[in-house]
Amino acid sequence: MPRRTAQIELPGVTPSRQQRSRETTQALLAAGAELLCSRTLAELSISELCVQIGATVGAFYSRFDSKEAYFNALLALTLRDGREQLLKLPPAPPGPGGADDQCLQLVRGIVVWMRRHKGVLRAALMRSESGANNWTGFKELAQALSERAAMVLLPLLHGARAPGRRAATAQERRTVAFGIQVVLGTVVNAILNDPGPLSIDDDEIAERLGACLLLLLGAPGTAALRRRWHKPRGTASAR
């Protein structure tokens, strides 16, 4: 459900001066996010949405220019919550288990956020498949998350806190970005298709993905793969 805000200032959404009116706007957004957990955006009925909170259809259209504007507001609030929850991960203290704990904390944050907004995220994914361009903001959030993850994980994984340690390389940051891509891709698939064995609502999915992220970042053979992927063009592969 969207986080409650004092005022919602978004294109296509009429600002509410009175507290009661703001509460109705927020209730409409919260109800829609909940309904989208069990139906598609096309199946979401404005009249049913209004009945859900005891409002009139006229009250809906006095606040939102259209159903499209309403869904765009849900997307904007989901992204706002993502930036607040995912980009403020505090660095873990150095020491044994620091990287393990940080990977798990990071993945738990991703899973909790996506679980909280799974209906809106699924609707956005389904709509993007039909050509509507509403996934750009989420791509930007994923990129920012990768950069934040590199900032907090690489010091733990490669001893960057040690005196004289060089700055993280582009390829090390790329490795972290790929790890985040794997985590996000797995959770997106769980939301969109729910193929099992673990669903977005299973706490175990965060535990296992945290372990997978740690392995991707530090598994034996990573250095050899990196050399193979980034050899100068024209260099023959070793046999």
# chains A, B, ... in the order shown; residues from 1 in each chain; ligands from 1
>>> closest_atom_pairs(of="range 62-153 of chain A", to="range 177-184 of chain A", cutoff="10 Å", atoms="only C-alpha atoms", output="tab-separated table")
residue	atom	partner	partner_atom	distance
A:Leu106	CA	A:Ile180	CA	9.5
A:Val107	CA	A:Val183	CA	7.4
A:Ile110	CA	A:Leu184	CA	7.8
A:Val111	CA	A:Leu184	CA	8.7
A:Met114	CA	A:Leu184	CA	9.3
A:Ala142	CA	A:Ile180	CA	7.9
A:Gln143	CA	A:Ala177	CA	7.7
A:Ala144	CA	A:Ala177	CA	9.7
A:Leu145	CA	A:Ile180	CA	7.9
A:Ser146	CA	A:Ala177	CA	4.9
A:Glu147	CA	A:Ala177	CA	7.4
A:Arg148	CA	A:Ala177	CA	9.8
A:Ala149	CA	A:Ala177	CA	8.0
A:Ala150	CA	A:Ala177	CA	7.6
>>> write_last_selection(atoms="N, CA, C and O atoms", output="PDB file, in the first residue's frame")
ATOM      1  N   LEU A 106      20.315  -6.029   2.341  1.00  0.00           N
ATOM      2  CA  LEU A 106      19.984  -5.390   1.067  1.00  0.00           C
ATOM      3  C   LEU A 106      18.848  -6.129   0.364  1.00  0.00           C
ATOM      4  O   LEU A 106      17.871  -5.523  -0.078  1.00  0.00           O
ATOM      5  N   VAL A 107      18.968  -7.447   0.271  1.00  0.00           N
ATOM      6  CA  VAL A 107      17.953  -8.233  -0.431  1.00  0.00           C
ATOM      7  C   VAL A 107      16.634  -8.220   0.326  1.00  0.00           C
ATOM      8  O   VAL A 107      15.564  -8.129  -0.282  1.00  0.00           O
ATOM      9  N   ILE A 110      14.831  -5.107  -0.600  1.00  0.00           N
ATOM     10  CA  ILE A 110      14.242  -5.188  -1.940  1.00  0.00           C
ATOM     11  C   ILE A 110      12.954  -6.006  -1.908  1.00  0.00           C
ATOM     12  O   ILE A 110      11.922  -5.603  -2.458  1.00  0.00           O
ATOM     13  N   VAL A 111      13.013  -7.167  -1.265  1.00  0.00           N
ATOM     14  CA  VAL A 111      11.854  -8.058  -1.224  1.00  0.00           C
ATOM     15  C   VAL A 111      10.691  -7.402  -0.468  1.00  0.00           C
ATOM     16  O   VAL A 111       9.537  -7.451  -0.920  1.00  0.00           O
ATOM     17  N   MET A 114       9.165  -4.641  -2.695  1.00  0.00           N
ATOM     18  CA  MET A 114       8.424  -5.169  -3.840  1.00  0.00           C
ATOM     19  C   MET A 114       7.184  -5.934  -3.388  1.00  0.00           C
ATOM     20  O   MET A 114       6.160  -5.921  -4.073  1.00  0.00           O
ATOM     21  N   ALA A 142      16.762   1.093 -10.142  1.00  0.00           N
ATOM     22  CA  ALA A 142      17.638  -0.083 -10.123  1.00  0.00           C
ATOM     23  C   ALA A 142      19.098   0.326 -10.298  1.00  0.00           C
ATOM     24  O   ALA A 142      19.996  -0.215  -9.640  1.00  0.00           O
ATOM     25  N   GLN A 143      19.356   1.284 -11.179  1.00  0.00           N
ATOM     26  CA  GLN A 143      20.722   1.753 -11.387  1.00  0.00           C
ATOM     27  C   GLN A 143      21.262   2.427 -10.130  1.00  0.00           C
ATOM     28  O   GLN A 143      22.406   2.184  -9.711  1.00  0.00           O
ATOM     29  N   ALA A 144      20.431   3.274  -9.503  1.00  0.00           N
ATOM     30  CA  ALA A 144      20.852   3.937  -8.273  1.00  0.00           C
ATOM     31  C   ALA A 144      21.082   2.917  -7.156  1.00  0.00           C
ATOM     32  O   ALA A 144      22.011   3.057  -6.345  1.00  0.00           O
ATOM     33  N   LEU A 145      20.245   1.878  -7.115  1.00  0.00           N
ATOM     34  CA  LEU A 145      20.406   0.828  -6.115  1.00  0.00           C
ATOM     35  C   LEU A 145      21.716   0.080  -6.328  1.00  0.00           C
ATOM     36  O   LEU A 145      22.425  -0.236  -5.369  1.00  0.00           O
ATOM     37  N   SER A 146      22.066  -0.187  -7.585  1.00  0.00           N
ATOM     38  CA  SER A 146      23.330  -0.863  -7.890  1.00  0.00           C
ATOM     39  C   SER A 146      24.518  -0.029  -7.426  1.00  0.00           C
ATOM     40  O   SER A 146      25.492  -0.564  -6.869  1.00  0.00           O
ATOM     41  N   GLU A 147      24.433   1.264  -7.647  1.00  0.00           N
ATOM     42  CA  GLU A 147      25.526   2.142  -7.225  1.00  0.00           C
ATOM     43  C   GLU A 147      25.647   2.179  -5.707  1.00  0.00           C
ATOM     44  O   GLU A 147      26.757   2.157  -5.153  1.00  0.00           O
ATOM     45  N   ARG A 148      24.502   2.224  -5.025  1.00  0.00           N
ATOM     46  CA  ARG A 148      24.526   2.212  -3.565  1.00  0.00           C
ATOM     47  C   ARG A 148      25.055   0.880  -3.041  1.00  0.00           C
ATOM     48  O   ARG A 148      25.847   0.835  -2.087  1.00  0.00           O
ATOM     49  N   ALA A 149      24.646  -0.222  -3.668  1.00  0.00           N
ATOM     50  CA  ALA A 149      25.114  -1.545  -3.253  1.00  0.00           C
ATOM     51  C   ALA A 149      26.625  -1.658  -3.413  1.00  0.00           C
ATOM     52  O   ALA A 149      27.312  -2.216  -2.552  1.00  0.00           O
ATOM     53  N   ALA A 150      27.162  -1.145  -4.518  1.00  0.00           N
ATOM     54  CA  ALA A 150      28.614  -1.185  -4.734  1.00  0.00           C
ATOM     55  C   ALA A 150      29.335  -0.398  -3.648  1.00  0.00           C
ATOM     56  O   ALA A 150      30.388  -0.813  -3.147  1.00  0.00           O
TER      57      ALA A 150
END
>>> residues_around(residues="Ala31 in chain A", least_positions_apart="4", cutoff="8 Å", atoms="only C-alpha atoms", output="PyMOL selection string")
chain A and resi 1+27+35+49+52-53
>>> write_last_selection(atoms="all heavy atoms", output="PDB file, in the first residue's frame")
ATOM      1  N   MET A   1       0.839  -1.190   0.000  1.00  0.00           N
ATOM      2  CA  MET A   1       0.000   0.000   0.000  1.00  0.00           C
ATOM      3  C   MET A   1       0.875   1.241   0.000  1.00  0.00           C
ATOM      4  O   MET A   1       1.955   1.228   0.568  1.00  0.00           O
ATOM      5  CB  MET A   1      -0.901   0.014   1.242  1.00  0.00           C
ATOM      6  CG  MET A   1      -1.942  -1.080   1.248  1.00  0.00           C
ATOM      7  SD  MET A   1      -2.832  -1.131   2.816  1.00  0.00           S
ATOM      8  CE  MET A   1      -3.599   0.487   2.813  1.00  0.00           C
ATOM      9  N   ALA A  27      -6.907   7.206   0.653  1.00  0.00           N
ATOM     10  CA  ALA A  27      -7.682   5.966   0.762  1.00  0.00           C
ATOM     11  C   ALA A  27      -7.941   5.359  -0.608  1.00  0.00           C
ATOM     12  O   ALA A  27      -7.899   4.131  -0.781  1.00  0.00           O
ATOM     13  CB  ALA A  27      -9.004   6.238   1.488  1.00  0.00           C
ATOM     14  N   LEU A  35      -6.337  -3.715  -4.416  1.00  0.00           N
ATOM     15  CA  LEU A  35      -7.120  -4.422  -5.429  1.00  0.00           C
ATOM     16  C   LEU A  35      -6.246  -4.956  -6.552  1.00  0.00           C
ATOM     17  O   LEU A  35      -6.518  -6.020  -7.120  1.00  0.00           O
ATOM     18  CB  LEU A  35      -8.205  -3.503  -5.991  1.00  0.00           C
ATOM     19  CG  LEU A  35      -9.381  -3.190  -5.052  1.00  0.00           C
ATOM     20  CD1 LEU A  35     -10.252  -2.089  -5.642  1.00  0.00           C
ATOM     21  CD2 LEU A  35     -10.208  -4.445  -4.792  1.00  0.00           C
ATOM     22  N   LEU A  49     -13.725   0.504  -6.910  1.00  0.00           N
ATOM     23  CA  LEU A  49     -12.734   1.158  -6.073  1.00  0.00           C
ATOM     24  C   LEU A  49     -13.396   2.149  -5.119  1.00  0.00           C
ATOM     25  O   LEU A  49     -13.083   2.191  -3.922  1.00  0.00           O
ATOM     26  CB  LEU A  49     -11.715   1.879  -6.971  1.00  0.00           C
ATOM     27  CG  LEU A  49     -10.665   2.757  -6.311  1.00  0.00           C
ATOM     28  CD1 LEU A  49      -9.733   1.917  -5.457  1.00  0.00           C
ATOM     29  CD2 LEU A  49      -9.869   3.509  -7.373  1.00  0.00           C
ATOM     30  N   GLN A  52     -15.352   0.529  -2.384  1.00  0.00           N
ATOM     31  CA  GLN A  52     -14.432  -0.048  -1.401  1.00  0.00           C
ATOM     32  C   GLN A  52     -14.195   0.898  -0.222  1.00  0.00           C
ATOM     33  O   GLN A  52     -14.050   0.442   0.919  1.00  0.00           O
ATOM     34  CB  GLN A  52     -13.093  -0.372  -2.077  1.00  0.00           C
ATOM     35  CG  GLN A  52     -12.125  -1.195  -1.249  1.00  0.00           C
ATOM     36  CD  GLN A  52     -12.360  -2.681  -1.407  1.00  0.00           C
ATOM     37  OE1 GLN A  52     -13.258  -3.113  -2.118  1.00  0.00           O
ATOM     38  NE2 GLN A  52     -11.546  -3.473  -0.732  1.00  0.00           N
ATOM     39  N   ILE A  53     -14.166   2.205  -0.487  1.00  0.00           N
ATOM     40  CA  ILE A  53     -13.878   3.152   0.592  1.00  0.00           C
ATOM     41  C   ILE A  53     -15.077   4.053   0.911  1.00  0.00           C
ATOM     42  O   ILE A  53     -14.959   4.986   1.715  1.00  0.00           O
ATOM     43  CB  ILE A  53     -12.657   4.029   0.243  1.00  0.00           C
ATOM     44  CG1 ILE A  53     -12.976   4.977  -0.917  1.00  0.00           C
ATOM     45  CG2 ILE A  53     -11.446   3.184  -0.066  1.00  0.00           C
ATOM     46  CD1 ILE A  53     -12.039   6.163  -0.963  1.00  0.00           C
TER      47      ILE A  53
END
>>> closest_residue(among="A:Arg208, A:Arg116, A:Arg127, A:Arg17", to="Cys37 in chain A", atoms="only C-alpha atoms")
A:Arg116
>>> atom_distance(atom1="CA of Glu207 in chain A", atom2="CA of Val120 in chain A")
23.9 Å
>>> closest_residue(among="A:Leu209, A:Leu215, A:Ser45, A:Leu86", to="Leu104 in chain A", atoms="only C-alpha atoms")
A:Leu209
>>> closest_residue(among="A:Leu44, A:Leu89, A:Ala99, A:Cys212", to="Ala123 in chain A", atoms="only C-alpha atoms")
A:Leu44
>>> atom_distance(atom1="CA of Ala69 in chain A", atom2="CA of Leu41 in chain A")
12.6 Å
>>> residues_around(residues="range 8-12 of chain A", least_positions_apart="5", cutoff="9 Å", atoms="only C-alpha atoms", output="PyMOL selection string")
chain A and resi 22+25-26+63-66+68-70+72-73+76-77
>>> closest_residue(among="A:Val176, A:Leu87, A:Ala42, A:Leu214", to="Ala124 in chain A", atoms="only C-alpha atoms")
A:Ala42
>>> atom_distance(atom1="CA of Gly82 in chain A", atom2="CA of Asp203 in chain A")
18.9 Å
>>> select_by_dssp(residues="range 57-222 of chain A", states="helix (DSSP H, G or I)", output="PyMOL selection string")
chain A and resi 57-61+67-86+98-116+118-129+136-158+170-192+204-218+222
>>> write_last_selection(atoms="C-alpha atoms", output="short mmCIF file (atom, residue, chain, number, x, y, z; two decimals), in the first residue's frame")
data_model
loop_
_atom_site.label_atom_id
_atom_site.label_comp_id
_atom_site.auth_asym_id
_atom_site.auth_seq_id
_atom_site.Cartn_x
_atom_site.Cartn_y
_atom_site.Cartn_z
CA VAL A 57 -17.22 8.14 -8.70
CA GLY A 58 -17.53 11.91 -8.80
CA ALA A 59 -15.18 12.15 -5.81
CA PHE A 60 -12.66 10.06 -7.74
CA TYR A 61 -12.73 12.26 -10.85
CA LYS A 67 -7.68 6.30 -14.58
CA GLU A 68 -4.29 6.73 -16.29
CA ALA A 69 -3.45 9.67 -14.01
CA TYR A 70 -4.56 7.61 -11.03
CA PHE A 71 -2.25 4.73 -11.94
CA ASN A 72 0.61 7.12 -12.64
CA ALA A 73 0.14 8.48 -9.11
CA LEU A 74 0.39 4.93 -7.75
CA LEU A 75 3.60 4.44 -9.74
CA ALA A 76 5.07 7.70 -8.48
CA LEU A 77 4.31 6.82 -4.85
CA THR A 78 5.79 3.34 -5.33
CA LEU A 79 8.99 4.84 -6.73
CA ARG A 80 9.13 7.43 -3.95
CA ASP A 81 8.88 4.68 -1.36
CA GLY A 82 11.55 2.68 -3.21
CA ARG A 83 14.00 5.57 -3.12
CA GLU A 84 13.31 6.11 0.58
CA GLN A 85 13.65 2.45 1.52
CA LEU A 86 16.35 1.15 -0.80
CA GLY A 98 29.84 -8.15 7.46
CA ALA A 99 29.38 -8.96 3.77
CA ASP A 100 26.91 -11.77 4.52
CA ASP A 101 24.80 -9.54 6.74
CA GLN A 102 24.92 -6.64 4.29
CA CYS A 103 23.84 -8.79 1.33
CA LEU A 104 20.95 -10.23 3.32
CA GLN A 105 19.89 -6.80 4.60
CA LEU A 106 19.98 -5.39 1.07
CA VAL A 107 17.95 -8.23 -0.43
CA ARG A 108 15.44 -8.19 2.41
CA GLY A 109 14.88 -4.51 1.75
CA ILE A 110 14.24 -5.19 -1.94
CA VAL A 111 11.85 -8.06 -1.22
CA VAL A 112 9.91 -6.14 1.44
CA TRP A 113 9.51 -3.11 -0.83
CA MET A 114 8.42 -5.17 -3.84
CA ARG A 115 6.08 -7.26 -1.70
CA ARG A 116 4.49 -4.08 -0.32
CA LYS A 118 3.43 -6.08 -5.73
CA GLY A 119 0.05 -5.22 -7.26
CA VAL A 120 1.26 -1.90 -8.67
CA LEU A 121 4.53 -3.41 -9.85
CA ARG A 122 2.77 -6.30 -11.60
CA ALA A 123 0.37 -3.88 -13.31
CA ALA A 124 3.31 -1.73 -14.43
CA LEU A 125 5.14 -4.76 -15.80
CA MET A 126 2.07 -5.97 -17.68
CA ARG A 127 1.42 -2.51 -19.07
CA SER A 128 5.04 -2.13 -20.22
CA GLU A 129 4.65 -5.34 -22.23
CA THR A 136 11.82 4.14 -16.95
CA GLY A 137 11.65 5.31 -13.35
CA PHE A 138 12.14 1.77 -12.07
CA LYS A 139 15.20 1.32 -14.30
CA GLU A 140 16.67 4.50 -12.85
CA LEU A 141 15.93 3.25 -9.34
CA ALA A 142 17.64 -0.08 -10.12
CA GLN A 143 20.72 1.75 -11.39
CA ALA A 144 20.85 3.94 -8.27
CA LEU A 145 20.41 0.83 -6.12
CA SER A 146 23.33 -0.86 -7.89
CA GLU A 147 25.53 2.14 -7.23
CA ARG A 148 24.53 2.21 -3.56
CA ALA A 149 25.11 -1.54 -3.25
CA ALA A 150 28.61 -1.19 -4.73
CA MET A 151 29.38 1.58 -2.25
CA VAL A 152 28.48 -0.53 0.77
CA LEU A 153 29.43 -4.04 -0.42
CA LEU A 154 32.77 -3.64 -2.17
CA PRO A 155 34.60 -2.37 0.92
CA LEU A 156 33.47 -5.48 2.79
CA LEU A 157 34.26 -7.89 -0.04
CA HIS A 158 37.61 -6.55 -1.19
CA ALA A 170 34.53 -0.44 -13.12
CA GLN A 171 34.40 -4.22 -13.41
CA GLU A 172 33.94 -4.69 -9.68
CA ARG A 173 31.03 -2.27 -9.78
CA ARG A 174 29.69 -4.10 -12.83
CA THR A 175 29.79 -7.36 -10.89
CA VAL A 176 27.69 -5.80 -8.14
CA ALA A 177 25.27 -4.39 -10.73
CA PHE A 178 24.85 -7.85 -12.25
CA GLY A 179 24.20 -9.32 -8.81
CA ILE A 180 21.46 -6.74 -8.23
CA GLN A 181 20.08 -7.53 -11.71
CA VAL A 182 19.81 -11.21 -10.78
CA VAL A 183 18.04 -10.40 -7.51
CA LEU A 184 15.60 -7.96 -9.12
CA GLY A 185 14.96 -10.28 -12.06
CA THR A 186 14.14 -13.18 -9.77
CA VAL A 187 11.74 -11.12 -7.65
CA VAL A 188 10.11 -9.56 -10.72
CA ASN A 189 9.53 -13.06 -12.12
CA ALA A 190 8.01 -14.10 -8.79
CA ILE A 191 5.63 -11.14 -8.95
CA LEU A 192 4.72 -11.48 -12.61
CA GLU A 204 12.84 -17.71 2.42
CA ILE A 205 13.18 -16.02 -0.97
CA ALA A 206 15.13 -13.16 0.65
CA GLU A 207 17.37 -15.56 2.57
CA ARG A 208 18.25 -17.54 -0.54
CA LEU A 209 18.71 -14.51 -2.77
CA GLY A 210 20.97 -12.90 -0.16
CA ALA A 211 23.16 -16.02 -0.26
CA CYS A 212 23.09 -16.00 -4.08
CA LEU A 213 24.17 -12.35 -4.17
CA LEU A 214 27.10 -13.09 -1.88
CA LEU A 215 28.16 -16.00 -4.09
CA LEU A 216 27.90 -13.90 -7.24
CA LEU A 217 30.12 -11.25 -5.71
CA GLY A 218 32.78 -13.51 -4.29
CA THR A 222 35.02 -14.78 -10.76
#
